[in-house]
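Source file: model_39.cif. Holds: mmCIF, C-alpha atoms.
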```
data_coords
loop_
_atom_site.label_atom_id
_atom_site.label_comp_id
_atom_site.auth_asym_id
_atom_site.auth_seq_id
_atom_site.Cartn_x
_atom_site.Cartn_y
_atom_site.Cartn_z
CA MET L 1264 46.69 -56.03 12.99
CA MET L 1265 47.54 -54.11 9.82
CA TYR L 1266 49.52 -57.11 8.56
CA LEU L 1267 46.52 -59.39 8.95
CA LYS L 1268 44.29 -56.79 7.32
CA MET L 1269 46.51 -56.45 4.27
CA LEU L 1270 47.11 -60.20 4.09
CA ARG L 1271 43.37 -60.93 4.06
CA ILE L 1272 42.74 -58.45 1.24
CA ALA L 1273 45.76 -59.62 -0.71
CA ALA L 1274 44.58 -63.21 -0.47
CA ALA L 1275 41.11 -62.27 -1.67
CA CYS L 1276 42.53 -60.34 -4.60
CA ALA L 1277 44.86 -63.20 -5.47
CA VAL L 1278 41.95 -65.63 -5.59
CA LEU L 1279 40.00 -63.31 -7.89
CA THR L 1280 43.01 -62.80 -10.14
CA LEU L 1281 43.79 -66.50 -10.41
CA ALA L 1282 40.16 -67.28 -11.12
CA GLY L 1283 40.52 -65.37 -14.36
CA CYS L 1284 43.38 -67.56 -15.58
CA GLY L 1285 42.77 -70.58 -17.75
CA GLY L 1286 39.97 -71.22 -20.15
CA GLY L 1287 42.37 -71.22 -23.07
CA ASN L 1288 43.83 -67.79 -22.28
CA ASP L 1289 47.57 -68.47 -22.52
CA ASN L 1290 48.58 -64.86 -21.91
CA PRO L 1291 46.40 -63.26 -19.23
CA PRO L 1292 47.14 -59.60 -18.62
CA GLU L 1293 49.54 -58.74 -15.85
CA THR L 1294 47.74 -57.34 -12.82
CA PHE L 1295 48.83 -54.80 -10.24
CA THR L 1296 47.39 -54.08 -6.81
CA THR L 1297 47.34 -50.73 -5.04
CA GLN L 1298 45.98 -49.80 -1.61
CA ILE L 1299 44.65 -46.28 -1.05
CA LEU L 1300 43.74 -44.80 2.32
CA SER L 1301 40.81 -42.41 2.36
CA ASP L 1302 41.56 -38.70 2.52
CA SER L 1303 40.75 -37.73 6.12
CA GLY L 1304 40.56 -34.06 5.11
CA PHE L 1305 37.59 -34.72 2.81
CA ASP L 1306 35.87 -37.63 4.59
CA GLY L 1307 32.78 -36.60 6.51
CA ASP L 1308 29.09 -37.10 7.18
CA ILE L 1309 25.85 -35.21 6.78
CA GLU L 1310 23.05 -35.33 9.36
CA GLN L 1311 19.50 -34.46 8.34
CA THR L 1312 18.13 -32.75 11.45
CA THR L 1313 14.82 -31.59 9.91
CA PRO L 1314 13.33 -32.10 6.42
CA ASP L 1315 15.12 -28.94 5.27
CA THR L 1316 18.07 -28.67 7.66
CA PHE L 1317 21.40 -30.45 7.46
CA GLN L 1318 24.51 -30.54 9.63
CA ILE L 1319 27.74 -31.15 7.70
CA THR L 1320 30.89 -32.46 9.36
CA GLN L 1321 33.86 -32.77 7.01
CA GLY L 1322 37.50 -33.37 7.81
CA MET L 1323 38.89 -35.30 10.74
CA SER L 1324 40.24 -33.38 13.75
CA PRO L 1325 41.45 -34.14 17.29
CA THR L 1326 37.80 -34.30 18.38
CA VAL L 1327 36.36 -36.01 15.27
CA GLN L 1328 37.90 -39.39 14.43
CA SER L 1329 35.02 -41.20 12.74
CA VAL L 1330 32.17 -40.75 10.27
CA LEU L 1331 28.59 -41.75 11.01
CA ALA L 1332 25.87 -43.47 9.00
CA GLY L 1333 22.38 -44.69 9.83
CA ILE L 1334 19.57 -43.41 12.05
CA ASP L 1335 20.30 -42.11 15.54
CA PRO L 1336 18.12 -44.24 17.86
CA VAL L 1337 17.72 -41.33 20.32
CA ALA L 1338 17.32 -38.23 18.14
CA GLY L 1339 15.78 -40.05 15.17
CA THR L 1340 17.95 -38.10 12.72
CA GLU L 1341 19.67 -39.76 9.77
CA PHE L 1342 23.38 -39.63 8.98
CA ARG L 1343 25.04 -40.45 5.67
CA ALA L 1344 28.82 -40.93 5.54
CA PHE L 1345 31.10 -39.87 2.70
CA LEU L 1346 34.58 -41.24 1.96
CA ASP L 1347 37.07 -39.88 -0.58
CA PHE L 1348 39.89 -41.93 -2.13
CA PRO L 1349 42.25 -40.09 -4.53
CA LEU L 1350 42.87 -42.10 -7.69
CA THR L 1351 45.50 -39.90 -9.37
CA GLY L 1352 49.16 -39.50 -8.51
CA PRO L 1353 51.63 -42.04 -7.09
CA GLY L 1354 49.91 -45.12 -5.73
CA GLY L 1355 46.70 -44.37 -7.59
CA VAL L 1356 45.07 -46.13 -10.53
CA PRO L 1357 46.19 -45.22 -14.07
CA GLY L 1358 43.46 -43.62 -16.12
CA ASN L 1359 43.75 -46.25 -18.86
CA ALA L 1360 43.74 -49.23 -16.50
CA GLY L 1361 41.13 -51.96 -16.57
CA ILE L 1362 39.66 -52.99 -13.21
CA ASP L 1363 39.99 -56.59 -12.07
CA SER L 1364 38.60 -56.10 -8.55
CA ALA L 1365 38.09 -53.47 -5.88
CA PHE L 1366 37.39 -53.86 -2.17
CA LEU L 1367 36.51 -51.21 0.40
CA GLU L 1368 37.34 -52.10 3.99
CA VAL L 1369 36.09 -50.11 6.98
CA PHE L 1370 36.64 -50.60 10.71
CA ILE L 1371 33.43 -50.33 12.75
CA ASP L 1372 33.98 -48.47 16.01
CA ASP L 1373 30.45 -48.54 17.38
CA LEU L 1374 26.83 -49.48 16.71
CA GLN L 1375 23.86 -48.05 18.59
CA PRO L 1376 21.69 -49.64 19.81
CA ALA L 1377 23.91 -52.66 20.35
CA ASP L 1378 21.28 -55.11 19.04
CA ALA L 1379 20.59 -53.17 15.83
CA VAL L 1380 20.77 -54.91 12.46
CA VAL L 1381 21.36 -52.27 9.81
CA PRO L 1382 21.06 -52.89 6.05
CA VAL L 1383 23.77 -50.79 4.40
CA ARG L 1384 23.91 -49.29 0.93
CA VAL L 1385 27.14 -47.97 -0.63
CA GLU L 1386 26.76 -45.57 -3.55
CA LEU L 1387 29.32 -44.13 -5.93
CA VAL L 1388 28.94 -40.35 -6.06
CA THR L 1389 31.08 -37.43 -7.14
CA PHE L 1390 31.45 -34.20 -5.20
CA GLN L 1391 33.98 -31.96 -6.92
CA PRO L 1392 35.75 -30.01 -5.68
CA PRO L 1393 35.66 -32.46 -2.76
CA THR L 1394 33.61 -30.20 -0.47
CA LEU L 1395 30.41 -31.63 0.97
CA LEU L 1396 27.19 -29.70 0.44
CA ALA L 1397 23.77 -30.28 1.98
CA THR L 1398 22.51 -31.42 -1.43
CA ASP L 1399 24.94 -34.37 -1.35
CA PHE L 1400 22.64 -36.00 1.22
CA ASP L 1401 19.78 -36.07 -1.28
CA ARG L 1402 19.75 -38.99 -3.71
CA THR L 1403 17.82 -36.93 -6.28
CA LEU L 1404 20.06 -33.88 -6.18
CA GLN L 1405 23.19 -36.05 -5.91
CA PRO L 1406 22.15 -39.23 -7.77
CA PRO L 1407 24.21 -42.39 -7.33
CA LEU L 1408 26.32 -43.40 -10.32
CA ALA L 1409 26.40 -47.03 -9.16
CA PHE L 1410 25.69 -48.87 -5.92
CA THR L 1411 26.17 -52.06 -3.96
CA LYS L 1412 24.82 -53.46 -0.69
CA LEU L 1413 26.60 -54.88 2.31
CA SER L 1414 25.72 -58.54 2.78
CA PRO L 1415 24.92 -59.60 5.41
CA ALA L 1416 23.55 -56.52 7.15
CA LEU L 1417 25.70 -54.76 9.73
CA ALA L 1418 25.26 -56.15 13.26
CA HIS L 1419 26.86 -56.13 16.70
CA ALA L 1420 29.35 -58.85 15.69
CA ASP L 1421 30.91 -56.35 13.26
CA VAL L 1422 31.86 -53.86 15.99
CA GLY L 1423 35.61 -53.82 16.52
CA THR L 1424 36.27 -55.57 13.21
CA TYR L 1425 37.08 -54.76 9.60
CA VAL L 1426 34.10 -55.06 7.27
CA PRO L 1427 35.02 -55.74 3.62
CA ILE L 1428 32.73 -54.56 0.83
CA ASP L 1429 33.08 -55.61 -2.80
CA VAL L 1430 32.95 -52.34 -4.76
CA THR L 1431 34.29 -53.68 -8.06
CA GLY L 1432 31.27 -52.46 -10.03
CA LEU L 1433 31.57 -49.00 -8.51
CA MET L 1434 35.28 -48.80 -9.33
CA VAL L 1435 34.64 -49.90 -12.91
CA GLU L 1436 32.12 -47.07 -13.28
CA ALA L 1437 34.45 -44.52 -11.68
CA GLN L 1438 37.19 -45.55 -14.10
CA ARG L 1439 34.82 -45.44 -17.07
CA ARG L 1440 33.88 -41.87 -16.17
CA GLY L 1441 37.48 -40.86 -15.57
CA LEU L 1442 36.76 -39.67 -12.02
CA PRO L 1443 39.79 -38.25 -10.20
CA ASP L 1444 38.52 -39.60 -6.87
CA PHE L 1445 36.61 -42.70 -5.80
CA GLN L 1446 33.91 -41.19 -3.60
CA VAL L 1447 31.17 -43.13 -1.85
CA ARG L 1448 28.07 -42.32 0.16
CA ILE L 1449 27.41 -44.92 2.88
CA MET L 1450 23.86 -44.97 4.19
CA LEU L 1451 20.94 -46.98 5.48
CA ASP L 1452 19.57 -49.04 2.61
CA LEU L 1453 16.34 -47.93 0.98
CA GLY L 1454 13.13 -49.13 2.60
CA PRO L 1455 11.49 -48.73 6.00
CA PRO L 1456 13.59 -46.67 8.44
CA ILE L 1457 15.54 -48.80 10.92
CA ALA L 1458 17.04 -47.24 14.03
CA GLY L 1459 20.74 -48.02 14.05
CA LEU L 1460 23.72 -45.67 13.96
CA PHE L 1461 27.24 -46.92 13.22
CA ALA L 1462 30.61 -45.22 13.39
CA ILE L 1463 33.35 -45.87 10.83
CA ASP L 1464 36.88 -45.35 12.16
CA ASP L 1465 38.76 -42.54 10.40
CA SER L 1466 41.60 -42.02 12.85
CA THR L 1467 44.33 -39.52 12.08
CA GLY L 1468 46.56 -40.82 14.89
CA SER L 1469 49.33 -43.39 14.96
CA ASN L 1470 46.90 -46.21 14.18
CA ARG L 1471 45.58 -44.58 10.98
CA GLY L 1472 47.44 -47.06 8.80
CA ALA L 1473 45.65 -49.91 10.55
CA ARG L 1474 42.17 -48.44 11.04
CA ALA L 1475 41.42 -45.86 8.35
CA PRO L 1476 39.08 -46.76 5.45
CA LEU L 1477 41.08 -48.62 2.82
CA LEU L 1478 40.42 -49.13 -0.89
CA THR L 1479 42.29 -52.02 -2.52
CA VAL L 1480 42.19 -52.07 -6.33
CA THR L 1481 43.63 -54.75 -8.58
CA TYR L 1482 43.95 -53.56 -12.16
CA PHE L 1483 45.57 -54.46 -15.47
#
```

So, in terms of structure tokens, how does the structure I just supplied come out?
Amino acid sequence: MMYLKMLRIAAACAVLTLAGCGGGNDNPPETFTTQILSDSGFDGDIEQTTPDTFQITQGMSPTVQSVLAGIDPVAGTEFRAFLDFPLTGPGGVPGNAGIDSAFLEVFIDDLQPADAVVPVRVELVTFQPPTLLATDFDRTLQPPLAFTKLSPALAHADVGTYVPIDVTGLMVEAQRRGLPDFQVRIMLDLGPPIAGLFAIDDSTGSNRGARAPLLTVTYF
């Protein structure tokens, strides 16, 4: 499974890289690709239980192996998920690198109700040190630095599969700002509330390498 996952991303990156060749450019820059698993110790979610009350869950544990986003169809509360990918150190992205492409891939464990169709928004944020606060839920108090949308919307067919998201623009902005971590807030897209709660796999077990959120960056 992990082989197919990495092969699919590698193929996509290769197509993007090759697309930049030609057009009279005899010496295109050499590109490098790195794959970064999210930091399970800092990944988490925030649930808004009342207009002024929030429940923060951060860090995976034996009893918490996923992060949640969307609106709970039973309780009516909203969850926003947060993922943290370290960019510095071995296997990261050099601070002076240019970004060719970046893809975020998440494995969807569950979607409730099963027939929900959830429009998803992915926002670049920065919470440093990487400790979630209630204010990180709020888009005014923690404004997005850049964003993208999942297309098409998340649906039942995505459960039990890897969902790739093109986050190139977000990675370019993170690099421009010199952020030490690529951190995203995953949430229901703006607009009328839609009941639909989905779980993103963030396993810390033996299948973490195959299921955990993965950021693939091709840079030069």

- request: Run the PyMOL selection byres ((chain L and resi 1349-1366) around 9) against the file shown and list the residues it catches, as number ranges by chain.
  value: L: 1272, 1276, 1279-1280, 1294, 1297-1302, 1347-1348, 1367-1368, 1427-1435, 1438-1439, 1441-1446, 1477-1483

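Note that the spacing between atom CA of L:Ala1416 and atom CA of L:Val1385 amounts to 12.1 Å.
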
message: Assuming the chain letters and numbering stay as they are in my file, what does the PyMOL selection byres ((chain L and resi 1305-1315) around 8) actually select? List them as an MDAnalysis selection string.
response: chainID L and resid 1301:1304 1316:1323 1330:1332 1340:1347 1393:1395 1397 1400

message: Which residues are close to L:Arg1474, i.e. within 7 Å by all atoms listed in the file, leaving aside same-chain residues fewer than 5 positions away? Reply as a PyMOL selection string.
response: chain L and resi 1370+1464-1466

Listed atoms of stretch 1447-1466 of chain L boxed along x, y and z, 3 Å each side, centre and edge lengths in Å, one decimal, as AutoDock Vina command-line options:
```
--center_x 26.5 --center_y -45.6 --center_z 6.1 --size_x 36.1 --size_y 13.1 --size_z 21.9
```

- request: Please evaluate the PyMOL selection byres ((chain L and resi 1336) around 6) against the structure above and give the resulting residues as number ranges by chain.
  value: L: 1335, 1337, 1339, 1458-1459

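The closest residue to L:Ala1409, picked from L:Ala1462, L:Ala1475, L:Leu1396, L:Val1388 and counting only C-alpha atoms, is L:Val1388.
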